[in-house]
$ cat work31.cif   # mmCIF, C-alpha atoms
data_data
#
loop_
_atom_site.label_atom_id
_atom_site.label_comp_id
_atom_site.auth_asym_id
_atom_site.auth_seq_id
_atom_site.Cartn_x
_atom_site.Cartn_y
_atom_site.Cartn_z
CA MET M 3 -30.66 -83.78 126.54
CA VAL M 4 -33.85 -82.26 125.12
CA THR M 5 -32.00 -79.03 124.37
CA ILE M 6 -29.20 -80.90 122.62
CA ARG M 7 -31.68 -82.83 120.52
CA LEU M 8 -33.51 -79.65 119.52
CA LEU M 9 -30.24 -78.03 118.54
CA PHE M 10 -29.38 -81.06 116.40
CA MET M 11 -32.76 -81.00 114.70
CA THR M 12 -32.68 -77.26 114.01
CA GLU M 13 -29.03 -76.95 113.03
CA GLY M 14 -28.59 -75.16 109.74
CA PHE M 15 -32.06 -73.52 109.64
CA PRO M 16 -32.13 -69.74 110.04
CA ARG M 17 -34.52 -68.15 112.51
CA THR M 18 -36.52 -66.24 109.91
CA GLN M 19 -40.27 -65.73 109.58
CA GLY M 20 -41.84 -69.05 108.72
CA SER M 21 -38.88 -71.04 110.09
CA GLN M 22 -41.14 -72.79 112.62
CA HIS M 23 -43.19 -74.12 109.72
CA ILE M 24 -40.04 -75.39 108.03
CA LEU M 25 -38.83 -77.03 111.24
CA ALA M 26 -42.17 -78.78 111.70
CA ARG M 27 -41.99 -80.17 108.19
CA VAL M 28 -38.39 -81.34 108.66
CA LYS M 29 -39.37 -83.05 111.93
CA ASN M 30 -41.90 -85.07 109.93
CA VAL M 31 -39.01 -86.49 107.91
CA LEU M 32 -37.53 -88.35 110.91
CA PRO M 33 -40.00 -91.29 110.79
CA LEU M 34 -39.28 -91.56 107.07
CA CYS M 35 -35.57 -91.75 107.84
CA ALA M 36 -36.34 -94.61 110.21
CA ALA M 37 -38.22 -96.36 107.40
CA GLY M 38 -35.11 -95.97 105.26
CA PHE M 39 -33.07 -97.62 108.00
CA VAL M 40 -35.50 -100.56 108.12
CA THR M 41 -35.18 -101.35 104.42
CA ALA M 42 -31.38 -101.03 104.50
CA PHE M 43 -31.04 -103.11 107.67
CA GLY M 44 -33.42 -105.66 106.18
CA ALA M 45 -31.26 -105.91 103.07
CA HIS M 46 -27.96 -106.51 104.87
CA GLY M 47 -28.87 -107.68 108.37
CA VAL M 48 -29.56 -111.26 107.36
CA ALA M 49 -26.58 -111.56 105.02
CA SER M 50 -24.03 -111.92 107.82
CA GLY M 51 -25.43 -115.26 108.95
CA LEU M 52 -26.56 -116.90 105.73
CA GLY M 53 -23.21 -118.59 105.21
CA PHE M 54 -23.74 -120.55 108.40
CA LEU M 55 -27.31 -121.47 107.47
CA GLN M 56 -26.63 -122.52 103.85
CA THR M 57 -23.49 -124.29 102.69
CA ASN M 58 -24.59 -124.76 99.06
CA LEU M 59 -23.04 -121.78 97.27
CA LEU M 60 -25.71 -121.61 94.56
CA ALA M 61 -28.48 -121.66 97.16
CA LEU M 62 -26.57 -119.05 99.17
CA GLY M 63 -26.37 -116.77 96.14
CA LEU M 64 -30.10 -117.13 95.51
CA LEU M 65 -30.94 -116.34 99.13
CA LEU M 66 -28.77 -113.22 98.98
CA ALA M 67 -30.33 -112.10 95.71
CA ILE M 68 -34.01 -112.76 96.41
CA TYR M 69 -34.52 -109.64 98.57
CA ASP M 70 -32.83 -107.29 96.11
CA GLY M 71 -34.47 -109.05 93.17
CA ALA M 72 -37.96 -108.36 94.52
CA GLU M 73 -37.02 -104.72 95.07
CA ILE M 74 -35.57 -104.27 91.58
CA VAL M 75 -38.73 -105.59 89.90
CA LEU M 76 -41.35 -103.97 92.13
CA LYS M 77 -40.01 -100.58 93.27
CA PRO M 78 -41.13 -98.72 90.12
CA VAL M 79 -44.55 -100.38 90.42
CA PHE M 80 -45.07 -99.34 94.03
CA GLY M 81 -43.58 -95.92 93.31
CA SER M 82 -46.23 -95.35 90.65
CA LEU M 83 -48.91 -96.60 93.06
CA ALA M 84 -47.72 -94.04 95.62
CA ASP M 85 -48.29 -91.30 93.05
CA ARG M 86 -51.75 -92.66 92.28
CA ILE M 87 -53.17 -93.14 95.81
CA GLY M 88 -50.78 -91.11 97.95
CA PRO M 89 -47.44 -92.21 99.44
CA ARG M 90 -48.42 -92.75 103.09
CA PRO M 91 -50.81 -95.72 102.49
CA VAL M 92 -48.13 -97.43 100.40
CA LEU M 93 -45.50 -96.73 103.06
CA LEU M 94 -47.68 -98.07 105.88
CA GLY M 95 -48.80 -101.07 103.85
CA GLY M 96 -45.20 -101.94 103.09
CA LEU M 97 -44.19 -101.70 106.75
CA VAL M 98 -47.12 -103.92 107.80
CA ALA M 99 -46.15 -106.45 105.13
CA PHE M 100 -42.54 -106.34 106.40
CA VAL M 101 -43.76 -107.13 109.92
CA VAL M 102 -45.80 -110.07 108.64
CA ALA M 103 -43.01 -111.45 106.43
CA SER M 104 -40.43 -111.16 109.23
CA ALA M 105 -42.63 -112.76 111.88
CA ALA M 106 -43.65 -115.51 109.46
CA PHE M 107 -40.11 -116.91 109.51
CA VAL M 108 -40.58 -118.02 113.10
CA LEU M 109 -43.72 -119.96 112.11
CA ILE M 110 -42.72 -121.45 108.75
CA ASP M 111 -38.92 -121.66 109.20
CA ASN M 112 -38.37 -120.93 105.49
CA ILE M 113 -35.86 -118.17 104.96
CA ALA M 114 -36.44 -117.94 101.19
CA VAL M 115 -40.15 -117.20 101.63
CA ALA M 116 -39.47 -114.72 104.43
CA ARG M 117 -36.78 -112.90 102.46
CA PHE M 118 -38.97 -112.65 99.37
CA GLY M 119 -41.80 -111.25 101.47
CA GLN M 120 -39.45 -108.73 103.06
CA GLY M 121 -38.17 -107.70 99.63
CA VAL M 122 -41.69 -107.14 98.30
CA ALA M 123 -42.54 -105.08 101.38
CA ALA M 124 -39.37 -102.99 101.13
CA ALA M 125 -40.12 -102.37 97.46
CA ALA M 126 -43.33 -100.68 98.61
CA PHE M 127 -42.22 -98.51 101.51
CA SER M 128 -38.77 -97.46 100.29
CA PRO M 129 -39.82 -95.33 97.24
CA ALA M 130 -42.88 -94.08 99.13
CA ALA M 131 -40.63 -92.80 101.91
CA GLY M 132 -38.36 -91.04 99.42
CA ALA M 133 -41.34 -89.40 97.74
CA MET M 134 -42.67 -88.19 101.11
CA VAL M 135 -39.28 -86.72 102.03
CA ALA M 136 -39.34 -84.74 98.79
CA ARG M 137 -42.92 -83.51 99.23
CA LEU M 138 -42.73 -82.70 102.93
CA THR M 139 -39.66 -80.47 102.71
CA PRO M 140 -39.53 -77.06 101.03
CA ALA M 141 -36.99 -76.29 98.32
CA GLY M 142 -34.61 -74.65 100.79
CA ALA M 143 -34.42 -77.71 103.03
CA LYS M 144 -34.34 -80.68 100.64
CA GLY M 145 -30.57 -81.09 100.86
CA LYS M 146 -30.59 -81.42 104.66
CA ALA M 147 -33.63 -83.68 104.59
CA PHE M 148 -32.15 -86.06 102.02
CA GLY M 149 -28.80 -85.90 103.79
CA ARG M 150 -30.44 -87.15 106.98
CA TYR M 151 -32.49 -89.74 105.08
CA GLY M 152 -29.41 -91.03 103.26
CA ALA M 153 -27.40 -91.14 106.49
CA TRP M 154 -29.99 -93.36 108.17
CA LYS M 155 -30.05 -95.68 105.15
CA GLY M 156 -26.26 -95.73 105.02
CA VAL M 157 -26.05 -96.74 108.66
CA GLY M 158 -28.55 -99.52 107.98
CA TYR M 159 -26.53 -100.81 105.03
CA THR M 160 -23.15 -100.76 106.76
CA ALA M 161 -24.19 -101.69 110.31
CA GLY M 162 -26.67 -104.35 109.20
CA PRO M 163 -24.16 -107.21 109.02
CA LEU M 164 -22.71 -106.35 112.44
CA LEU M 165 -26.07 -105.98 114.19
CA GLY M 166 -27.44 -109.02 112.39
CA GLY M 167 -24.46 -111.09 113.46
CA VAL M 168 -24.90 -110.07 117.11
CA LEU M 169 -28.60 -110.98 117.08
CA ILE M 170 -27.95 -114.32 115.38
CA HIS M 171 -25.26 -115.09 117.95
CA LEU M 172 -27.61 -114.27 120.83
CA GLY M 173 -30.79 -115.97 119.64
CA GLY M 174 -30.41 -117.38 116.15
CA PHE M 175 -32.39 -116.30 113.11
CA ASP M 176 -35.63 -116.31 115.09
CA LEU M 177 -34.37 -113.40 117.21
CA LEU M 178 -33.12 -111.52 114.15
CA PHE M 179 -36.41 -111.79 112.26
CA LEU M 180 -38.48 -110.97 115.33
CA THR M 181 -36.31 -107.92 115.96
CA MET M 182 -36.85 -106.77 112.38
CA ALA M 183 -40.60 -107.30 112.79
CA ALA M 184 -40.66 -105.26 116.01
CA LEU M 185 -38.54 -102.52 114.44
CA ALA M 186 -40.83 -102.24 111.40
CA ALA M 187 -43.92 -102.17 113.65
CA ALA M 188 -42.45 -99.36 115.77
CA VAL M 189 -41.54 -97.34 112.68
CA GLY M 190 -45.04 -97.91 111.26
CA ALA M 191 -46.56 -96.48 114.43
CA TRP M 192 -44.19 -93.50 114.18
CA VAL M 193 -45.14 -92.92 110.54
CA LEU M 194 -48.76 -92.45 111.64
CA THR M 195 -47.64 -89.10 113.08
CA VAL M 196 -46.63 -87.90 109.61
CA PRO M 197 -49.33 -85.95 107.75
CA ALA M 198 -51.07 -87.79 104.94
CA LEU M 199 -50.31 -86.44 101.49
CA LYS M 200 -53.08 -86.52 98.94
CA PRO M 201 -52.26 -87.66 95.41
CA LEU M 202 -51.64 -84.72 93.12
CA PRO M 203 -53.45 -84.20 89.80
CA ARG M 204 -51.53 -85.88 87.02
CA HIS M 205 -51.49 -85.46 83.29
CA ARG M 206 -51.90 -88.64 81.30
CA GLN M 207 -48.52 -90.29 80.73
CA THR M 208 -47.74 -92.61 77.85
CA LEU M 209 -44.94 -95.18 77.79
CA ALA M 210 -43.09 -92.86 75.44
CA ASP M 211 -43.38 -90.03 77.97
CA LEU M 212 -42.07 -92.29 80.74
CA ALA M 213 -39.17 -93.52 78.60
CA LYS M 214 -38.27 -89.94 77.66
CA ARG M 215 -38.26 -88.79 81.30
CA LEU M 216 -36.24 -91.76 82.57
CA SER M 217 -33.72 -91.48 79.72
CA HIS M 218 -33.11 -87.78 80.30
CA SER M 219 -29.76 -86.78 81.76
CA ASP M 220 -31.56 -85.16 84.72
CA PHE M 221 -32.58 -88.69 85.75
CA LEU M 222 -29.69 -90.76 84.43
CA ARG M 223 -26.82 -88.76 85.96
CA PRO M 224 -27.96 -88.80 89.59
CA THR M 225 -29.27 -92.37 89.31
CA ALA M 226 -25.94 -93.62 87.93
CA ALA M 227 -24.16 -91.79 90.76
CA LEU M 228 -26.47 -93.41 93.33
CA ALA M 229 -25.75 -96.82 91.83
CA ALA M 230 -22.02 -96.12 92.00
CA SER M 231 -22.12 -94.89 95.60
CA THR M 232 -24.15 -97.90 96.73
CA ALA M 233 -21.80 -100.24 94.87
CA ALA M 234 -18.92 -98.56 96.67
CA LEU M 235 -20.48 -99.03 100.11
CA ALA M 236 -21.54 -102.63 99.53
CA THR M 237 -18.15 -103.59 98.12
CA ALA M 238 -16.21 -101.81 100.84
CA VAL M 239 -18.18 -103.55 103.60
CA GLY M 240 -17.39 -106.92 102.05
CA PHE M 241 -13.83 -106.49 100.78
CA LEU M 242 -12.07 -103.90 102.96
CA PRO M 243 -11.89 -106.38 105.87
CA VAL M 244 -9.83 -108.64 103.59
CA LYS M 245 -7.16 -105.91 103.50
CA ALA M 246 -6.75 -106.05 107.28
CA ALA M 247 -7.73 -109.66 107.93
CA GLN M 248 -4.49 -110.48 109.76
CA HIS M 249 -5.34 -107.90 112.44
CA GLY M 250 -8.44 -109.79 113.57
CA PRO M 251 -12.19 -109.12 113.54
CA ILE M 252 -12.14 -106.18 115.95
CA VAL M 253 -9.79 -104.14 113.76
CA THR M 254 -11.57 -105.07 110.54
CA GLY M 255 -14.88 -104.21 112.16
CA ALA M 256 -13.45 -100.84 113.14
CA ALA M 257 -12.49 -100.18 109.51
CA VAL M 258 -16.08 -100.83 108.41
CA SER M 259 -17.37 -98.67 111.26
CA LEU M 260 -15.10 -95.83 110.12
CA LEU M 261 -16.68 -96.09 106.69
CA ALA M 262 -20.20 -95.94 108.14
CA ILE M 263 -19.44 -93.08 110.52
CA THR M 264 -17.78 -91.01 107.78
CA ALA M 265 -20.72 -91.46 105.40
CA ALA M 266 -23.24 -90.69 108.15
CA LEU M 267 -21.43 -87.48 109.14
CA VAL M 268 -20.87 -86.22 105.60
CA GLN M 269 -24.43 -86.61 104.28
CA PRO M 270 -26.31 -84.06 106.41
CA ARG M 271 -23.44 -81.59 106.12
CA LEU M 272 -23.44 -81.76 102.32
CA GLY M 273 -27.20 -81.41 102.40
CA ARG M 274 -26.94 -78.22 104.46
CA ALA M 275 -24.24 -76.91 102.12
CA LEU M 276 -26.57 -77.51 99.18
CA ASP M 277 -29.44 -75.68 100.88
CA ALA M 278 -27.12 -72.75 101.68
CA GLY M 279 -25.94 -72.52 98.07
CA ARG M 280 -22.33 -73.40 98.88
CA VAL M 281 -22.53 -76.56 96.76
CA THR M 282 -24.44 -77.34 93.58
CA THR M 283 -25.64 -80.79 92.66
CA ARG M 284 -23.76 -81.67 89.49
CA PRO M 285 -20.20 -80.63 90.53
CA GLY M 286 -20.83 -81.99 94.02
CA ILE M 287 -21.99 -85.36 92.71
CA ARG M 288 -18.98 -85.54 90.40
CA ALA M 289 -16.59 -84.78 93.25
CA GLY M 290 -18.24 -87.39 95.47
CA VAL M 291 -18.07 -90.10 92.81
CA LEU M 292 -14.40 -89.41 92.08
CA THR M 293 -13.58 -89.41 95.80
CA ALA M 294 -15.18 -92.84 96.20
CA ALA M 295 -13.25 -94.10 93.17
CA ALA M 296 -10.04 -92.74 94.71
CA GLY M 297 -10.83 -94.78 97.81
CA PHE M 298 -10.70 -98.02 95.83
CA VAL M 299 -7.45 -96.94 94.19
CA ALA M 300 -6.03 -96.40 97.69
CA ALA M 301 -7.29 -99.82 98.78
CA ALA M 302 -5.57 -101.39 95.79
CA VAL M 303 -2.17 -99.70 96.06
CA ILE M 304 -1.68 -99.04 99.81
CA PRO M 305 -0.93 -102.30 101.62
CA GLY M 306 -2.49 -103.65 104.79
CA LEU M 307 -4.45 -101.82 107.44
CA ALA M 308 -3.34 -98.37 106.27
CA GLY M 309 -4.91 -98.99 102.86
CA ALA M 310 -8.15 -100.16 104.44
CA LEU M 311 -8.43 -97.09 106.69
CA VAL M 312 -7.61 -94.56 103.96
CA ALA M 313 -10.06 -96.30 101.65
CA ALA M 314 -12.78 -96.29 104.32
CA LEU M 315 -12.43 -92.54 104.80
CA LEU M 316 -12.47 -91.75 101.07
CA ILE M 317 -15.28 -94.16 100.18
CA GLY M 318 -17.38 -93.04 103.12
CA ALA M 319 -16.86 -89.36 102.28
CA GLY M 320 -17.51 -89.84 98.56
CA SER M 321 -20.60 -91.98 98.99
CA GLY M 322 -21.88 -89.68 101.70
CA ALA M 323 -21.57 -86.70 99.38
CA VAL M 324 -23.35 -88.34 96.47
CA THR M 325 -26.51 -89.53 98.24
CA PRO M 326 -28.14 -86.26 99.39
CA LEU M 327 -27.06 -84.36 96.29
CA ALA M 328 -28.34 -87.00 93.88
CA PHE M 329 -31.70 -87.41 95.64
CA ALA M 330 -32.12 -83.63 95.84
CA ALA M 331 -31.34 -83.37 92.12
CA LEU M 332 -33.97 -85.99 91.33
CA ALA M 333 -36.55 -84.31 93.54
CA THR M 334 -35.90 -80.91 91.95
CA ALA M 335 -36.11 -82.20 88.37
CA THR M 336 -39.26 -84.30 88.88
CA PRO M 337 -42.86 -83.05 88.90
CA GLU M 338 -44.29 -83.66 92.39
CA GLU M 339 -47.08 -85.84 91.02
CA ARG M 340 -44.44 -88.27 89.63
CA LEU M 341 -42.06 -88.36 92.60
CA GLY M 342 -42.97 -91.90 93.66
CA GLN M 343 -42.33 -93.27 90.18
CA THR M 344 -39.02 -91.43 89.91
CA MET M 345 -37.80 -92.47 93.37
CA GLY M 346 -38.79 -96.07 92.73
CA SER M 347 -36.93 -96.12 89.43
CA ALA M 348 -33.86 -94.46 90.96
CA GLU M 349 -33.88 -97.01 93.80
CA VAL M 350 -33.58 -99.74 91.16
CA GLY M 351 -30.25 -98.18 90.24
CA ARG M 352 -29.13 -98.38 93.86
CA GLU M 353 -30.11 -102.05 94.09
CA LEU M 354 -28.19 -102.84 90.90
CA GLY M 355 -25.15 -101.12 92.34
CA ASP M 356 -25.57 -102.95 95.64
CA ALA M 357 -25.44 -106.30 93.85
CA GLY M 358 -23.18 -105.41 90.95
CA GLY M 359 -20.25 -103.86 92.82
CA PRO M 360 -19.34 -106.92 94.90
CA LEU M 361 -19.95 -109.20 91.91
CA LEU M 362 -17.57 -107.18 89.73
CA VAL M 363 -14.80 -107.09 92.32
CA GLY M 364 -15.23 -110.76 93.19
CA GLY M 365 -15.15 -111.78 89.53
CA LEU M 366 -12.06 -109.74 88.69
CA ALA M 367 -10.33 -110.88 91.89
CA SER M 368 -10.92 -114.53 91.00
CA LEU M 369 -9.50 -113.99 87.52
CA ALA M 370 -6.55 -111.79 88.51
CA SER M 371 -6.15 -110.44 92.06
CA LEU M 372 -8.00 -108.40 94.68
CA PRO M 373 -6.14 -105.17 93.75
CA ALA M 374 -7.18 -105.71 90.13
CA GLY M 375 -10.79 -106.09 91.22
CA LEU M 376 -10.66 -102.94 93.33
CA LEU M 377 -9.08 -100.94 90.51
CA GLY M 378 -11.68 -102.27 88.08
CA LEU M 379 -14.48 -101.00 90.29
CA ALA M 380 -12.68 -97.65 90.68
CA VAL M 381 -12.75 -97.25 86.89
CA VAL M 382 -16.45 -98.14 86.66
CA ILE M 383 -17.36 -95.74 89.48
CA ALA M 384 -15.31 -92.92 87.93
CA LEU M 385 -17.14 -93.36 84.62
CA THR M 386 -20.42 -92.35 86.30
CA ALA M 387 -18.97 -88.88 86.94
CA TRP M 388 -19.65 -87.80 83.34
#
$ encode --input "work31.cif" --output "structure tokens"
Amino acid sequence: MVTIRLLFMTEGFPRTQGSQHILARVKNVLPLCAAGFVTAFGAHGVASGLGFLQTNLLALGLLLAIYDGAEIVLKPVFGSLADRIGPRPVLLGGLVAFVVASAAFVLIDNIAVARFGQGVAAAAFSPAAGAMVARLTPAGAKGKAFGRYGAWKGVGYTAGPLLGGVLIHLGGFDLLFLTMAALAAAVGAWVLTVPALKPLPRHRQTLADLAKRLSHSDFLRPTAALAASTAALATAVGFLPVKAAQHGPIVTGAAVSLLAITAALVQPRLGRALDAGRVTTRPGIRAGVLTAAAGFVAAAVIPGLAGALVAALLIGAGSGAVTPLAFAALATATPEERLGQTMGSAEVGRELGDAGGPLLVGGLASLASLPAGLLGLAVVIALTAW
């Protein structure tokens, strides 16, 4: 088992002089991947049971939005703080705050307060983790590192509702929040093994400089693609089961699992292809976005279970391709001393996609039909491939 694990960890890295140094740095990325899983699982793990806890639809919508809302507002702030004081203290502080917010639910029994606290905490450790991935990996290994990081986050996003539902069934929301607290604590302890990164010297930045950097195509293109891929995943998790609803929850769950497995398998492989020079970021991102859009076209025009399965494969493959390539493009185009700020701002795009995709499909479906909603999202996703 140890040999198999070592082979998995070293796959794709040539045995050249200095490779041991590269492997050591890539190994340091694994706790950061686990931190990515925590924020993704935190975002979606509670959602599966909120409908049973809250019957008022307006209150339900607010409870679903409060976590993402805190992240959207605060991720750029904490990303900039990570640049100023170093990313590891921000990452650890966010994980500790996540533990406190999760455990607090058991004491105060107020899900809105707990979710807001979790969202604030995730806004801290998510961009810090992305910045550390970029700084801890050399140029020739960023694709693989971000592929692994994105795969862990993707599993958290897609498996969150299933795992959350199981925990709620076994022990209610108390068990779910305590599990999230324990998971964040364990990851925090693991992160202590990652070397601390000192803040890098920074030139003074004005608001005009920031606006210029964040409005440049080197930032906008990959961020728009990340928003589109996250919108695709979030929408597929919610709406693909509708396509196969008559086959029961086991079959619909399998369709969602196929989506998650495909995305998780594609991401590290595309990352390795990028590192090896077989893929470049801009054409690869465009192909991934268009593949995800094609998945929603398939879901709209192919009836029943077949449409759901074809869509799951295409959406999983497309989204899985976009994530490592887009993050690697951002890391390459950003000065290292501004990585936290850039990753935090890019994560805002992902959160907007996470919320906006399902809202768009749901709105169009209520006005016309589900196929119309799926086709509408396909068009929006395809537009980000410019």
$ axis_aligned_box --input "work31.cif" --around "stretch 110-121 of chain M" --padding-each-side "8 Å" --output "AutoDock Vina command-line options"
--center_x -39.3 --center_y -114.7 --center_z 104.3 --size_x 22.9 --size_y 30.0 --size_z 25.8
$ atom_distance --input "work31.cif" --atom1 "atom CA of M:Val239" --atom2 "atom CA of M:Gly162"
10.2 Å
$ resolve_selection --input "work31.cif" --expression "the PyMOL selection byres ((chain M and resi 121-135) around 6)" --output "list in words"
Val31, Leu34, Thr41, Tyr69, Ala72, Glu73, Leu76, Lys77, Phe80, Gly81, Ala84, Pro89, Leu93, Gly96, Ala99, Phe100, Phe118, Gly119, Gln120, Ala136, Arg137, Leu138, Leu341, Gly342, Met345 and Gly346 of chain M
$ resolve_selection --input "work31.cif" --expression "the PyMOL selection byres ((chain M and resi 142) around 10)" --output "list in words"
Phe15, Ile24, Thr139, Pro140, Ala141, Ala143, Lys144, Gly145, Lys146, Ala147, Arg274, Leu276, Asp277, Ala278 and Gly279 of chain M
$ residues_around --input "work31.cif" --residues "M:Arg352" --least-positions-apart "6" --cutoff "8 Å" --atoms "all atoms listed in the file" --output "ChimeraX atom specification"
/M:225,228-230,232-233
$ atom_distance --input "work31.cif" --atom1 "atom CA of M:Leu164" --atom2 "atom CA of M:Ala256"
10.8 Å
$ resolve_selection --input "work31.cif" --expression "the PyMOL selection byres ((chain M and resi 182) around 8)" --output "list in words"
Val40, Gly44, Val101, Ser104, Leu178, Phe179, Leu180, Thr181, Ala183, Ala184, Leu185 and Ala186 of chain M
$ atom_distance --input "work31.cif" --atom1 "atom CA of M:His171" --atom2 "atom CA of M:Ala262"
22.1 Å
$ closest_residue --input "work31.cif" --among "M:Thr386, M:Thr293, M:Gln269, M:Gln248" --to "M:Ser219" --atoms "only C-alpha atoms"
M:Thr386
$ closest_residue --input "work31.cif" --among "M:Leu354, M:Ala257, M:Val48, M:Ile74" --to "M:Leu165" --atoms "only C-alpha atoms"
M:Val48
$ residues_around --input "work31.cif" --residues "M:Ile287" --least-positions-apart "4" --cutoff "9 Å" --atoms "all atoms listed in the file" --output "mmCIF file with C-alpha atoms, keeping the file's coordinate frame"
data_model
loop_
_atom_site.group_PDB
_atom_site.id
_atom_site.type_symbol
_atom_site.label_atom_id
_atom_site.label_comp_id
_atom_site.auth_asym_id
_atom_site.auth_seq_id
_atom_site.Cartn_x
_atom_site.Cartn_y
_atom_site.Cartn_z
ATOM 1 C CA ARG M 223 -26.820 -88.760 85.960
ATOM 2 C CA PRO M 224 -27.960 -88.800 89.590
ATOM 3 C CA ALA M 227 -24.160 -91.790 90.760
ATOM 4 C CA THR M 282 -24.440 -77.340 93.580
ATOM 5 C CA THR M 283 -25.640 -80.790 92.660
ATOM 6 C CA VAL M 291 -18.070 -90.100 92.810
ATOM 7 C CA LEU M 292 -14.400 -89.410 92.080
ATOM 8 C CA GLY M 320 -17.510 -89.840 98.560
ATOM 9 C CA ALA M 323 -21.570 -86.700 99.380
ATOM 10 C CA VAL M 324 -23.350 -88.340 96.470
ATOM 11 C CA THR M 325 -26.510 -89.530 98.240
ATOM 12 C CA LEU M 327 -27.060 -84.360 96.290
ATOM 13 C CA ALA M 328 -28.340 -87.000 93.880
ATOM 14 C CA ALA M 387 -18.970 -88.880 86.940
#
$ closest_residue --input "work31.cif" --among "M:Gly365, M:Pro373, M:Pro337, M:Gly290" --to "M:Pro305" --atoms "only C-alpha atoms"
M:Pro373
$ residues_around --input "work31.cif" --residues "M:Leu316" --least-positions-apart "6" --cutoff "9 Å" --atoms "all atoms listed in the file" --output "PyMOL selection string"
chain M and resi 261+264+293-298+300
$ residues_around --input "work31.cif" --residues "M:Pro33" --least-positions-apart "6" --cutoff "8 Å" --atoms "all atoms listed in the file" --output "PyMOL selection string"
chain M and resi 189+192-193+196
$ closest_residue --input "work31.cif" --among "M:Asn30, M:Ser231, M:Asn112, M:Thr195" --to "M:Pro326" --atoms "only C-alpha atoms"
M:Ser231
